[in-house]
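These notes are about the structure you will find just below.
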Number of protein chains: 2
Amino acid sequence: MQPLRVGLIGLGTVGSGVMRLLTEHADRMSHRAGRPVEVVRVAVRDLSRRRSIDVPSTLLTDDPLSIATDSRIDVVIELIGGLRPAREIILTALESGKHVVTANKALLCEEGPVIFQAARRAQRCVAFEAAVAGGIPVIHVLGQAMAGNQITVIEAILNGTSNFILTEMLQRGESYADAVRNAQSLGLAEADPTLDVDGTDASQKLCLLAQLAFGTRVTPNQFSRQGIDTLDLTDLQYARELGYAVKLLATARLGDGQLEMHTQPTLIRRSRPIAQVDGAFNMVALTGDAVGPTWYSGQGAGQMPTASAVVSDLIDVAIGRAQLTFEHLDLWEQRPKIPIRPAEDSYRRYYLRFPVEDRPHVIADITDILGRHSISLASVIQHEAPEVEEAQADHFPLVPLVIMTHRTREGHLRAAAAELNQLPTVGKPWICMPVSD
Amino acid sequence: MQPLRVGLIGLGTVGSGVMRLLTEHADRMSHRAGRPVEVVRVAVRDLSRRRSIDVPSTLLTDDPLSIATDSRIDVVIELIGGLRPAREIILTALESGKHVVTANKALLCEEGPVIFQAARRAQRCVAFEAAVAGGIPVIHVLGQAMAGNQITVIEAILNGTSNFILTEMLQRGESYADAVRNAQSLGLAEADPTLDVDGTDASQKLCLLAQLAFGTRVTPNQFSRQGIDTLDLTDLQYARELGYAVKLLATARLGDGQLEMHTQPTLIRRSRPIAQVDGAFNMVALTGDAVGPTWYSGQGAGQMPTASAVVSDLIDVAIGRAQLTFEHLDLWEQRPKIPIRPAEDSYRRYYLRFPVEDRPHVIADITDILGRHSISLASVIQHEAPEVEEAQADHFPLVPLVIMTHRTREGHLRAAAAELNQLPTVGKPWICMPVSD
């Protein structure tokens with residue numbers, strides 16, 4: 001049978017992993033794909049660079065567009081990431097009649113409609129299992145296995161770097177800064193980890209999942225996003241004391257005809273599976289109206305987990321399955337757009353930590369403000385502080401006051417926050433994290 | 001576009017759930033399937049019986065074979081279970097050119113080759129996502145998402161009834177018998193729960209997963225199977241004390257060119273995700289050589305989770321994806337058969353509980369026998385028992401002695417067991433469970 005001829009663009013960590021799978025396990029691939037899978041060309045940035053993997057120099061080029069237009073090629077695998085030149089490469093490949101397999105979540109999140117429409121015009125497909133949680137086949141699950149369901153809730157840990165850092169902080173009692181350095185030395189965080197730790201990466205992935213689950217295009221600027229870069233070890237420890245774990249949680253929830261979305265460090269009850277996902281692992285918890293709650297976990301990134309996702313897409317293309325799936329995915333806005341719920345209207349419990357002066361009436365001031373904004377308290381923690389003789393005290397030491405609220409509208413909380421910021425006895429910054437029950 | 005015309009055989013719990021999804025959500029189905037999905041006939045055992053769901057009497061028949069041969073029908077959904085008459089119905093449907101969707105694990109496990117070959121001859125497909133862990137799309141995952149991998153380990157909780165009973169026993173301190181009655185009253189166990197609690201159901205499902213993962217047909221009589229029906233609350237409590245949970249674990253592990261398989265109550269370290277799956281939920285943990293460890297969890301049975309799996313298969317058939325997938329699944333013994341490792345050769349740690357007479361030298365006798373069979377001990381627990389004046393003691397009360405061994409060959413353990421059974425100071429039965437680390 002005709003081999004599937006592949007052009008690979010990008011021979012970095014994931015690209016080399018894909019090469020390894022396709023070459024070292026060629027028999028497995030042709031068995032699973034029903035035909036040989038041949039890499040006929042590979043685009044790299046620097047031809048002279050030495051590499052971890054041997055690729056015949058005859059295959060190499062430093063001109064990716066020449067692969068996108070190469071008439072011998074059936075599928076282009078784009079693994080360079082970023083918006084440019086990936087966008088042109090993918091559009092050119094599609095217009096040249098090639099299918100595309102990509103791990104480029106940023107591009108699909110920012111310019112998905114352009115790319116998906118171009119694929120449709122060219123009657124080709126874009127497969128992107130590797131773009132979200134490499135080791136978890138969540139694109140397959142949403143597009144196929146859950147097709148009988150209306151998804152009602154997505155709760156996911158989508159950034160392995162952040163989850164690793166949070167796990168390290170708590171387990172080793174490390175500061176955020178030390179945990180980041182540690183992650184970098186282990187190759188689990190980039191030199192500049194900003195997009196991972198500030199929630200951008202997780203939010204882009206959430207948008208792709210929401211598109212598939214709800215048939216509605218959402219972009220990260222439409223919902224609240226906080227990262228883990230403002231978190232203090234103290235808060236992870238208080239959360240544990242209260243029976244919760246803190247995770248960078250990406251959430252999309254369908255209710256009252258609105259879509260509530262946010263990416264935030266969130267307290268999750270320790271007994272829940274998603275609270276127990278540690279280190280560089282990801283988890284996606286999906287609730288469907290028929291199947292009920294389900295969850296899927298695996299490594300979120302890394303060379304071989306991501307390569308595994310790329311290769312499964314490649315096999316789907318070889319078999320012709322990816323083409324059928326792409327045609328039926330909810331990428332076409334056929335359904336009425338679902339409005340995003342205003343952040344003020346989200347209705348949750350909250351964890352609050354105030355550095356307060358250890359003097360009379362401070363708790364009363366804070367709880368009075370919360371009460372006037374109809375925020376009621378579920379629990380309060382203030383550990384005993386060293387005694388200070390009021391008489392001699394020129395200043396009062398700051399001690400942490402931790403409050404768990406009952407469910408309240410975020411709007412109320414914001415109004416209360418404005419007043420709390422005026423209290424002279426409350427130090428800055430004070431911390432606020434939502435709770436997922 | 002041409003509607004997909006469906007014949008439904010069996011209108012029990014799951015059948016009614018499928019009807020509900022297809023009728024109450026007809027728009028969703030035709031959107032996802034790309035064409036209308038129409039149930040044109042339904043076979044029931046008793047036409048006169050009142051039902052939880054309204055089906056036009058014109059659709060009903062009590063002759064399932066007439067559906068299998070009905071020229072208007074594209075797909076037959078078989079939901080009556082059991083070997084006969086399901087076998088004839090499915091074979092007839094295939095020979096009559098219909099695709100088949102089924103949840104019948106027993107039939108596929110016992111007679112898979114006959115059915116799969118018949119489908120191949122007729123160029124039709126058999127889709128069976130609902131046959132294993134309804135709420136978990138493990139057939140999709142093995143057949144598609146993990147296609148780039150060689151699966152090396154399957155560890156799974158595949159019987160929701162057993163898992164519910166084990167959870168109840170430990171959480172409520174209930175006896176096995178009470179927990180079974182409780183499960184029955186909640187509709188989570190059959191009137192005769194034998195096939196669920198003795199490990200048969202889980203073993204049949206494991207065989208289907210092993211077929212897909214390893215391309216090798218295995219039947220339950222080829223490997224060890226123990227159920228939870230011999231378990232005592234005491235053992236669940238000791239396991240918890242030692243930091244483990246006891247689960248009915250179905251395992252298939254590839255190593256040294258052999259396949260190790262067994263279904264047994266197994267101690268699993270509490271920190272592992274599969275140890276934390278409680279109640280009627282299932283979990284399938286799959287390790288692939290590229291993707292590494294992954295796990296999937298959801299409800300194992302029940303009306304709507306299973307119906308959700310049936311409907312996703314139906315949508316796959318409507319789109320044409322199920323046909324492509326079926327063609328490429330490892331159901332054809334193309335690969336050399338992998339031999340099953342003899343039980344004696346499996347190499348694991350074990351939990352042992354002996355009811356022993358509380359008198360001198362008993363522990364010495366037992367550990368001496370274990371030692372002579374080169375079984376070394378990791379830990380021993382004997383809680384203090386009430387003092388007995390040796391002089392006045394006409395008989396000695398039996399007290400539990402719990403031993404955790406280091407890794408050993410099961411062959412050694414069996415040889416030791418023969419001698420242990422001869423010890424007059426050891427009561428019967430004494431308990432032995434493997435440990436999964």
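Lettering and numbering for the structure tokens are positional, with chains as A, B, ... in the shown order, residues counted from 1 in each chain, and ligands counted from 1 in the shown order.
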7 Å contacts from chain B to chain A using only C-alpha atoms, as a PyMOL selection string
chain B and resi 29+32+34+135+137+140+144-149+290-298+304-305+308+311-312+319+321+324+328
Could you dump the residues just selected with N, CA and C atoms as a PDB file, in the first residue's frame?
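Saved as selection.pdb:
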```pdb
ATOM      1  N   MET B  29     -27.619  14.457  18.395  1.00  0.00           N
ATOM      2  CA  MET B  29     -27.090  13.263  17.731  1.00  0.00           C
ATOM      3  C   MET B  29     -26.869  13.509  16.247  1.00  0.00           C
ATOM      4  N   ARG B  32     -23.828  15.711  15.771  1.00  0.00           N
ATOM      5  CA  ARG B  32     -22.545  15.037  15.997  1.00  0.00           C
ATOM      6  C   ARG B  32     -22.292  13.953  14.938  1.00  0.00           C
ATOM      7  N   GLY B  34     -23.545  13.947  11.916  1.00  0.00           N
ATOM      8  CA  GLY B  34     -23.573  14.478  10.557  1.00  0.00           C
ATOM      9  C   GLY B  34     -24.781  13.999   9.762  1.00  0.00           C
ATOM     10  N   GLY B 135     -18.179   4.028  31.348  1.00  0.00           N
ATOM     11  CA  GLY B 135     -17.897   5.460  31.427  1.00  0.00           C
ATOM     12  C   GLY B 135     -16.492   5.846  31.015  1.00  0.00           C
ATOM     13  N   PRO B 137     -13.624   5.603  28.026  1.00  0.00           N
ATOM     14  CA  PRO B 137     -13.488   5.261  26.600  1.00  0.00           C
ATOM     15  C   PRO B 137     -12.207   4.483  26.307  1.00  0.00           C
ATOM     16  N   HIS B 140     -11.558   3.206  22.700  1.00  0.00           N
ATOM     17  CA  HIS B 140     -11.075   4.299  21.850  1.00  0.00           C
ATOM     18  C   HIS B 140      -9.603   4.592  22.139  1.00  0.00           C
ATOM     19  N   GLN B 144      -6.905   3.905  19.290  1.00  0.00           N
ATOM     20  CA  GLN B 144      -6.559   5.114  18.544  1.00  0.00           C
ATOM     21  C   GLN B 144      -5.502   5.953  19.244  1.00  0.00           C
ATOM     22  N   ALA B 145      -5.859   6.492  20.414  1.00  0.00           N
ATOM     23  CA  ALA B 145      -5.007   7.506  21.031  1.00  0.00           C
ATOM     24  C   ALA B 145      -3.629   6.954  21.417  1.00  0.00           C
ATOM     25  N   MET B 146      -3.563   5.659  21.757  1.00  0.00           N
ATOM     26  CA  MET B 146      -2.276   5.094  22.186  1.00  0.00           C
ATOM     27  C   MET B 146      -1.595   4.328  21.044  1.00  0.00           C
ATOM     28  N   ALA B 147      -2.089   4.512  19.814  1.00  0.00           N
ATOM     29  CA  ALA B 147      -1.631   3.672  18.700  1.00  0.00           C
ATOM     30  C   ALA B 147      -0.130   3.778  18.458  1.00  0.00           C
ATOM     31  N   GLY B 148       0.489   4.878  18.858  1.00  0.00           N
ATOM     32  CA  GLY B 148       1.928   5.024  18.675  1.00  0.00           C
ATOM     33  C   GLY B 148       2.740   4.241  19.687  1.00  0.00           C
ATOM     34  N   ASN B 149       2.068   3.710  20.698  1.00  0.00           N
ATOM     35  CA  ASN B 149       2.740   3.056  21.817  1.00  0.00           C
ATOM     36  C   ASN B 149       2.667   1.534  21.760  1.00  0.00           C
ATOM     37  N   ALA B 290       5.941   4.960  25.021  1.00  0.00           N
ATOM     38  CA  ALA B 290       6.237   6.358  24.686  1.00  0.00           C
ATOM     39  C   ALA B 290       5.564   7.319  25.672  1.00  0.00           C
ATOM     40  N   VAL B 291       4.287   7.129  25.897  1.00  0.00           N
ATOM     41  CA  VAL B 291       3.520   8.110  26.676  1.00  0.00           C
ATOM     42  C   VAL B 291       3.777   7.993  28.176  1.00  0.00           C
ATOM     43  N   GLY B 292       4.256   6.818  28.613  1.00  0.00           N
ATOM     44  CA  GLY B 292       4.451   6.605  30.051  1.00  0.00           C
ATOM     45  C   GLY B 292       3.135   6.260  30.721  1.00  0.00           C
ATOM     46  N   PRO B 293       3.025   6.520  32.030  1.00  0.00           N
ATOM     47  CA  PRO B 293       1.816   6.139  32.748  1.00  0.00           C
ATOM     48  C   PRO B 293       0.647   7.085  32.466  1.00  0.00           C
ATOM     49  N   THR B 294      -0.532   6.514  32.249  1.00  0.00           N
ATOM     50  CA  THR B 294      -1.748   7.308  32.067  1.00  0.00           C
ATOM     51  C   THR B 294      -2.858   6.586  32.821  1.00  0.00           C
ATOM     52  N   TRP B 295      -3.884   7.343  33.257  1.00  0.00           N
ATOM     53  CA  TRP B 295      -5.021   6.658  33.847  1.00  0.00           C
ATOM     54  C   TRP B 295      -6.303   7.385  33.534  1.00  0.00           C
ATOM     55  N   TYR B 296      -7.369   6.598  33.518  1.00  0.00           N
ATOM     56  CA  TYR B 296      -8.681   7.025  33.057  1.00  0.00           C
ATOM     57  C   TYR B 296      -9.710   6.513  34.042  1.00  0.00           C
ATOM     58  N   SER B 297     -10.602   7.373  34.474  1.00  0.00           N
ATOM     59  CA  SER B 297     -11.590   6.932  35.439  1.00  0.00           C
ATOM     60  C   SER B 297     -12.972   7.487  35.137  1.00  0.00           C
ATOM     61  N   GLY B 298     -13.967   6.711  35.480  1.00  0.00           N
ATOM     62  CA  GLY B 298     -15.359   7.103  35.294  1.00  0.00           C
ATOM     63  C   GLY B 298     -16.240   5.997  35.846  1.00  0.00           C
ATOM     64  N   MET B 304     -26.878   5.432  32.128  1.00  0.00           N
ATOM     65  CA  MET B 304     -26.453   6.469  31.190  1.00  0.00           C
ATOM     66  C   MET B 304     -24.968   6.404  30.821  1.00  0.00           C
ATOM     67  N   PRO B 305     -24.069   6.070  31.766  1.00  0.00           N
ATOM     68  CA  PRO B 305     -22.666   5.916  31.337  1.00  0.00           C
ATOM     69  C   PRO B 305     -22.509   4.865  30.240  1.00  0.00           C
ATOM     70  N   SER B 308     -24.023   6.119  27.052  1.00  0.00           N
ATOM     71  CA  SER B 308     -23.133   7.103  26.444  1.00  0.00           C
ATOM     72  C   SER B 308     -22.091   6.417  25.562  1.00  0.00           C
ATOM     73  N   VAL B 311     -23.783   5.058  22.379  1.00  0.00           N
ATOM     74  CA  VAL B 311     -24.112   6.128  21.432  1.00  0.00           C
ATOM     75  C   VAL B 311     -22.848   6.672  20.756  1.00  0.00           C
ATOM     76  N   SER B 312     -21.726   6.730  21.484  1.00  0.00           N
ATOM     77  CA  SER B 312     -20.501   7.209  20.827  1.00  0.00           C
ATOM     78  C   SER B 312     -20.087   6.220  19.733  1.00  0.00           C
ATOM     79  N   ILE B 319     -20.506   8.215  11.105  1.00  0.00           N
ATOM     80  CA  ILE B 319     -19.464   9.011  10.454  1.00  0.00           C
ATOM     81  C   ILE B 319     -18.583   8.147   9.566  1.00  0.00           C
ATOM     82  N   ARG B 321     -16.214   6.242  10.993  1.00  0.00           N
ATOM     83  CA  ARG B 321     -14.955   6.118  11.728  1.00  0.00           C
ATOM     84  C   ARG B 321     -14.820   4.723  12.354  1.00  0.00           C
ATOM     85  N   LEU B 324     -13.343   2.166   9.950  1.00  0.00           N
ATOM     86  CA  LEU B 324     -11.891   2.284   9.772  1.00  0.00           C
ATOM     87  C   LEU B 324     -11.154   1.747  10.994  1.00  0.00           C
ATOM     88  N   HIS B 328      -8.493  -1.758  11.680  1.00  0.00           N
ATOM     89  CA  HIS B 328      -7.095  -1.646  12.116  1.00  0.00           C
ATOM     90  C   HIS B 328      -6.854  -2.079  13.555  1.00  0.00           C
TER      91      HIS B 328
END
```
Please run DSSP on the backbone and report, as a ChimeraX atom specification, all residues within stretch 195-322 of chain A that come out as alpha helix (DSSP H).
/A:195-197,200-214,233-241,303-319,321-322
Need the shell around A:Pro386: protein/DNA/RNA residues with any atom at most 10 Å away, counting only C-alpha atoms. Skip same-chain ones fewer than 3 positions apart. Format as a tab-separated table (two decimals) with C-alpha atoms, in the first residue's frame?
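around.tsv, freshly written:
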```tsv
chain	number	residue	atom	x	y	z
A	358	ASP	CA	-1.97	41.77	66.14
A	383	HIS	CA	-2.72	30.98	65.21
A	389	GLU	CA	2.92	44.30	75.81
A	397	PRO	CA	3.81	42.65	64.35
A	399	VAL	CA	0.20	38.02	61.83
```
Can you tell me which residues surround B:Thr405 at a distance of at most 12 Å, considering only C-alpha atoms, apart from same-chain residues fewer than 4 positions away, and format the answer as a PyMOL selection string?
chain B and resi 347-353+367+370-371+373-381+409-410+412-413+432-435
One-decimal distance in Å that lies between atom CA of B:Ile157 and atom CA of B:Thr200:
12.8 Å
Residue neighbourhood A:Leu4, 8 Å, only C-alpha atoms, exclusion window fewer than 6 positions, as a ChimeraX atom specification
/A:35-38,74-75,318
Shell around B:Gly15 at 8 Å using only C-alpha atoms, local window under 5 positions removed, as an NGL selection string
:B and (8-10 or 79 or 307)
Using only all heavy atoms, please write the residues we just selected to a file, as a tab-separated table (two decimals), in the first residue's frame.
```
chain	number	residue	atom	x	y	z
B	8	LEU	N	-32.67	-1.69	17.60
B	8	LEU	CA	-32.23	-1.87	18.98
B	8	LEU	C	-32.77	-3.19	19.53
B	8	LEU	O	-33.97	-3.45	19.46
B	8	LEU	CB	-32.73	-0.70	19.83
B	8	LEU	CG	-32.47	-0.75	21.33
B	8	LEU	CD1	-30.97	-0.77	21.63
B	8	LEU	CD2	-33.12	0.44	22.03
B	9	ILE	N	-31.86	-4.02	20.03
B	9	ILE	CA	-32.28	-5.31	20.58
B	9	ILE	C	-32.02	-5.32	22.07
B	9	ILE	O	-30.87	-5.32	22.51
B	9	ILE	CB	-31.54	-6.46	19.87
B	9	ILE	CG1	-31.99	-6.48	18.41
B	9	ILE	CG2	-31.81	-7.78	20.55
B	9	ILE	CD1	-31.25	-7.46	17.54
B	10	GLY	N	-33.10	-5.26	22.85
B	10	GLY	CA	-32.98	-5.19	24.30
B	10	GLY	C	-33.36	-3.81	24.79
B	10	GLY	O	-32.71	-2.82	24.45
B	79	LEU	N	-28.12	-5.46	23.09
B	79	LEU	CA	-27.98	-5.15	24.52
B	79	LEU	C	-28.70	-6.17	25.40
B	79	LEU	O	-29.15	-5.85	26.50
B	79	LEU	CB	-28.52	-3.74	24.80
B	79	LEU	CG	-27.76	-2.58	24.14
B	79	LEU	CD1	-28.46	-1.26	24.39
B	79	LEU	CD2	-26.32	-2.53	24.64
B	307	ALA	N	-24.93	3.79	28.22
B	307	ALA	CA	-25.63	4.30	27.04
B	307	ALA	C	-24.76	5.31	26.30
B	307	ALA	O	-24.71	5.34	25.06
B	307	ALA	CB	-26.95	4.94	27.45
```
Separating atom CA of B:Met19 from atom CA of B:Arg120, to the nearest tenth of an Å, is a gap of 28.1 Å
Closest atom pairs, residues of stretch 259-364 of chain A within 8 Å of stretch 222-225 of chain A, only C-alpha atoms, as CSV:
```
residue,atom,partner,partner_atom,distance
A:Met261,CA,A:Phe223,CA,5.9
A:His262,CA,A:Ser224,CA,5.0
A:Thr263,CA,A:Arg225,CA,4.7
A:Gln264,CA,A:Arg225,CA,5.8
A:Ile340,CA,A:Gln222,CA,7.5
A:Ala343,CA,A:Ser224,CA,7.1
```
Excluding B:Leu91 and its own-chain neighbours fewer than 3 positions away, which residues fall within 8 Å of it when counting only C-alpha atoms? Please give them as JSON, numbers by chain.
{"B": [87, 88, 94, 95, 115, 118, 119]}
